[in-house]
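Heads up: the structure comes next, in structure tokens.
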Amino acid sequence: MSLLSKEIYKSESEAENCAQVLCDVILRSIDDRNVQVYLAGLILLDDSMTRFEEIEFPPQKLGSLMSKIIINLLAKLADSKQKVADSAELSLLSLAHSSCIDISILYNAATKRIRSEEAKGGRTCKARIQFLENLVAEFGNNVSWERAIEFTKSS
């Protein structure tokens, strides 16, 4: 999959046309129960983000496309398979470092209230708090630690 992405888009206009399709493919692969398919989706995500950065794809256009992917990766933080949880955290931190993603989109999704059906016996809350801790440690002044504290108190 990653080899094809270099051939798919070479300019911003082509990237806009392909971004929706790529995000849909990535979203489906991230939702897959098969770990190999999930990891292949993360490879495609990373490769796509690299290409988006190379052509300086505007963050406001990519943010809305990436929101479902970010939400699903946040849910994977609490997965019972450690490989899945660790790869989700690495992918989220990689997205946070990308010039094509506004960190506030990622931070807002991470501090969103956890629904009771997503709780997984407290694993989701614990994983989210650990991720927020890493995000605040990594980005310091670019994220609001007060909001992370509020999330922790309400969860």
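Naming works like this for the structure tokens: A, B, ... for the chains as they're shown, residue 1 at the start of each chain, ligands 1 onward in shown order.
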
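The shell of residues at most 8 Å from Ser91 of chain A, with only C-alpha atoms counted and near chain neighbours (fewer than 3 positions) removed, consists of Leu42, Asp46, Leu73, Ser87, Ala88, Ser94 and Leu95 of chain A.
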
Could you give me, as a Markdown table, every segment 9-94 of chain A residue with an atom at most 10 Å from segment 132-143 of chain A, plus its closest atom pair and distance in Å to one decimal, counting only C-alpha atoms, rows ordered by chain then number?
| residue | atom | partner | partner_atom | distance |
| --- | --- | --- | --- | --- |
| A:Glu89 | CA | A:Asn134 | CA | 9.4 |
| A:Leu92 | CA | A:Leu135 | CA | 9.3 |
| A:Leu93 | CA | A:Leu135 | CA | 7.3 |

Taking only C-alpha atoms into account, produce a table as a tab-separated table in which each residue of segment 53-113 of chain A with an atom at most 7 Å from an atom of segment 121-129 of chain A appears once, together with its shortest atom pair and the distance in Å to one decimal, ordered by chain and rising number.
residue	atom	partner	partner_atom	distance
A:Leu77	CA	A:Ala127	CA	5.7
A:Ala78	CA	A:Thr124	CA	4.8
A:Ala110	CA	A:Arg128	CA	6.7

Which residues come within 12 Å of Asp24 of chain A, counting only C-alpha atoms, excluding same-chain residues fewer than 6 positions away, as number ranges by chain?
A: 18, 30-31, 41, 44-45, 65-69

Next, the residues of the selection above should be written as a short mmCIF file (atom, residue, chain, number, x, y, z; two decimals), in the first residue's frame with C-alpha atoms.
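Generated output (part31.cif):
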data_model
loop_
_atom_site.label_atom_id
_atom_site.label_comp_id
_atom_site.auth_asym_id
_atom_site.auth_seq_id
_atom_site.Cartn_x
_atom_site.Cartn_y
_atom_site.Cartn_z
CA CYS A 18 -7.17 11.48 -3.04
CA ILE A 30 -7.67 0.81 11.60
CA ASP A 31 -11.09 -0.60 12.49
CA GLY A 41 -3.24 0.92 7.83
CA LEU A 44 -0.30 3.87 5.03
CA LEU A 45 -1.29 6.67 7.43
CA LEU A 65 -10.78 14.15 7.21
CA MET A 66 -8.54 12.92 10.00
CA SER A 67 -10.98 13.42 12.87
CA LYS A 68 -12.53 9.93 12.64
CA ILE A 69 -9.10 8.35 12.36
#

Which residues in chain A does DSSP call alpha helix (DSSP H)? List them as a PyMOL selection string.
chain A and resi 2-8+12-31+35-54+59-76+82-97+103-110+123-139+145-154
